[in-house]
Each structure stands twice: as C-alpha cells, then as structure tokens.
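Text of the file data29.pdb, holding PDB, C-alpha atoms:
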```pdb
MODEL        1
ATOM      1  CA  MET A 211       0.000   0.000   0.000
ATOM      2  CA  LYS A 212       1.047   3.584  -0.572
ATOM      3  CA  ALA A 213       0.528   6.519   1.778
ATOM      4  CA  LYS A 214      -0.664   9.938   0.657
ATOM      5  CA  VAL A 215      -1.483  13.202   2.435
ATOM      6  CA  ILE A 216      -4.052  15.519   0.889
ATOM      7  CA  ARG A 217      -2.295  18.723   1.925
ATOM      8  CA  GLU A 218      -5.345  20.916   1.287
ATOM      9  CA  ASN A 219      -7.117  18.998   4.075
ATOM     10  CA  CYS A 220      -4.194  18.850   6.529
ATOM     11  CA  ILE A 221      -4.294  21.092   9.602
ATOM     12  CA  GLY A 222      -0.916  19.969  10.933
ATOM     13  CA  CYS A 223      -2.204  18.503  14.182
ATOM     14  CA  GLY A 224       0.663  15.993  14.235
ATOM     15  CA  ALA A 225      -1.413  12.923  15.109
ATOM     16  CA  CYS A 226      -0.075  11.005  12.109
ATOM     17  CA  GLN A 227       3.536  11.719  13.027
ATOM     18  CA  ALA A 228       2.894  10.704  16.628
ATOM     19  CA  ILE A 229       1.273   7.431  15.547
ATOM     20  CA  ALA A 230       3.482   6.557  12.560
ATOM     21  CA  PRO A 231       6.753   8.518  12.693
ATOM     22  CA  SER A 232       8.414   6.219  10.162
ATOM     23  CA  ILE A 233       5.750   7.187   7.583
ATOM     24  CA  PHE A 234       4.868  10.832   8.324
ATOM     25  CA  GLU A 235       6.577  14.004   9.452
ATOM     26  CA  ILE A 236       5.544  17.624   9.850
ATOM     27  CA  ASP A 237       7.315  19.820   7.310
ATOM     28  CA  ASP A 238       8.539  23.421   7.484
ATOM     29  CA  GLU A 239       5.034  24.654   6.573
ATOM     30  CA  GLY A 240       3.577  22.853   9.596
ATOM     31  CA  LEU A 241       1.769  20.267   7.487
ATOM     32  CA  SER A 242       2.119  16.514   7.282
ATOM     33  CA  LYS A 243       4.158  14.905   4.544
ATOM     34  CA  VAL A 244       4.842  11.303   3.636
ATOM     35  CA  ILE A 245       8.415  10.139   4.162
ATOM     36  CA  MET A 246       7.720   6.459   3.343
ATOM     37  CA  GLU A 247       5.385   6.323   0.348
ATOM     38  CA  GLU A 248       5.426   2.531   0.053
ATOM     39  CA  VAL A 249       4.250   1.338   3.471
ATOM     40  CA  SER A 250       5.943  -1.854   4.597
ATOM     41  CA  GLU A 251       3.935  -4.718   6.056
ATOM     42  CA  SER A 252       5.467  -4.050   9.452
ATOM     43  CA  ASP A 253       4.197  -0.426   9.340
ATOM     44  CA  ALA A 254       0.753  -1.183   7.899
ATOM     45  CA  GLU A 255      -1.017  -1.194  11.272
ATOM     46  CA  ASP A 256       0.498   2.187  12.215
ATOM     47  CA  PHE A 257      -0.530   3.590   8.821
ATOM     48  CA  ASN A 258      -4.111   2.426   9.295
ATOM     49  CA  ASP A 259      -4.202   3.861  12.826
ATOM     50  CA  ALA A 260      -2.942   7.216  11.518
ATOM     51  CA  LEU A 261      -5.465   7.164   8.675
ATOM     52  CA  GLU A 262      -8.332   6.502  11.089
ATOM     53  CA  SER A 263      -7.074   9.121  13.577
ATOM     54  CA  CYS A 264      -6.694  12.002  11.136
ATOM     55  CA  PRO A 265      -9.372  14.548  12.132
ATOM     56  CA  THR A 266      -9.702  15.959   8.614
ATOM     57  CA  GLY A 267      -9.350  12.809   6.512
ATOM     58  CA  ALA A 268      -6.131  14.129   4.954
ATOM     59  CA  ILE A 269      -4.436  10.727   5.088
ATOM     60  CA  VAL A 270      -5.472   8.287   2.396
ATOM     61  CA  GLU A 271      -4.232   5.150   0.730
ATOM     62  CA  LYS A 272      -2.895   6.178  -2.657
ATOM     63  CA  LYS A 273      -4.567   4.335  -5.524
ATOM     64  CA  ASP A 274      -2.583   3.858  -8.709
TER      65      ASP A 274
ENDMDL
END
```

Would you give me this structure, written as structure tokens?
Amino acid sequence: MKAKVIRENCIGCGACQAIAPSIFEIDDEGLSKVIMEEVSESDAEDFNDALESCPTGAIVEKKD
C-alpha cells in the first residue's frame, strides 16, 4: 500500500507523526508529509491507525 497526504485537508495537528513517525513528518510549513510512500507490512497497522485518527481525513491510501 502507498501513503498519501491531501495537503489541502491537513491542519498539521501531528497525530499522524505521533502514531506513525516512520511514515509521516511535519514539514517546514507545519503540514504533514509522507516520508515512506510505500508502506511496509510491518508499518501497515500504524498507517491504518494514523489514517483513522486524522481529524480531517487528509491521510489516504494512494490508488494507482
């Protein structure tokens, strides 16, 4: 699976980074960005937790 942040929806609350720091970080603009686009199996649970915890729905699974 691939991670994506819809930046227009992101409010920079940092929940995703707190839950899945190997996948997300907060950038210089104060918004979330993906640092591991291809989510490994070992990080899949953290990705799903971050996706479900995002208050604005900015985290999605990227569809090709």

Inset, instruction - For stretch 262-266 of chain A, list every protein, DNA or RNA residue within 8 Å, evaluated using all atoms listed in the file, and leave out those in the same chain fewer than 5 positions away; present the list as a count of residues only. - result: 5

Inset, instruction - Take atom CA of A:Glu235 and atom CA of A:Cys223 and report the distance between them in Å, one decimal. - result: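 Value for the atom CA of A:Glu235-atom CA of A:Cys223 distance: 10.9 Å.
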
Inset, instruction - Just give me the residues with any atom within 10 Å of (5.7, 8.1, 11.6), file coordinates, counting only C-alpha atoms, written as a ChimeraX atom specification. - result: /A:224-236,243-246,253,256-257,260

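The residue that comes closest to A:Glu248, out of A:Ile216, A:Lys272, A:Gly222, A:Gly267 and on the basis of only C-alpha atoms, is A:Lys272.
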
Inset, instruction - Quick one: pull the distance between atom CA of A:Glu218 and atom CA of A:Glu255, Å, one decimal. - result: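 Pair atom CA of A:Glu218 / atom CA of A:Glu255 returns 24.6 Å.
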
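Across the structure, atom CA of A:Gly240 and atom CA of A:Met211 are spaced 25.0 Å apart.
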
Inset, instruction - Go through A:Arg217, A:Asp238, A:Ser250, A:Lys212 one by one, measure the shortest atom-to-atom distance of each to A:Ala268 using only C-alpha atoms, and give the residue with the smallest value. - result: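 Closest residue, counting only C-alpha atoms: A:Arg217.
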
May I have the centre and edge lengths, in Å to one decimal, of an axis-aligned box around the listed atoms of stretch 223-239 of chain A with 8 Å added to every side, as JSON?
```
{"center_x": 3.2, "center_y": 15.4, "center_z": 11.6, "size_x": 26.7, "size_y": 34.4, "size_z": 26.1}
```
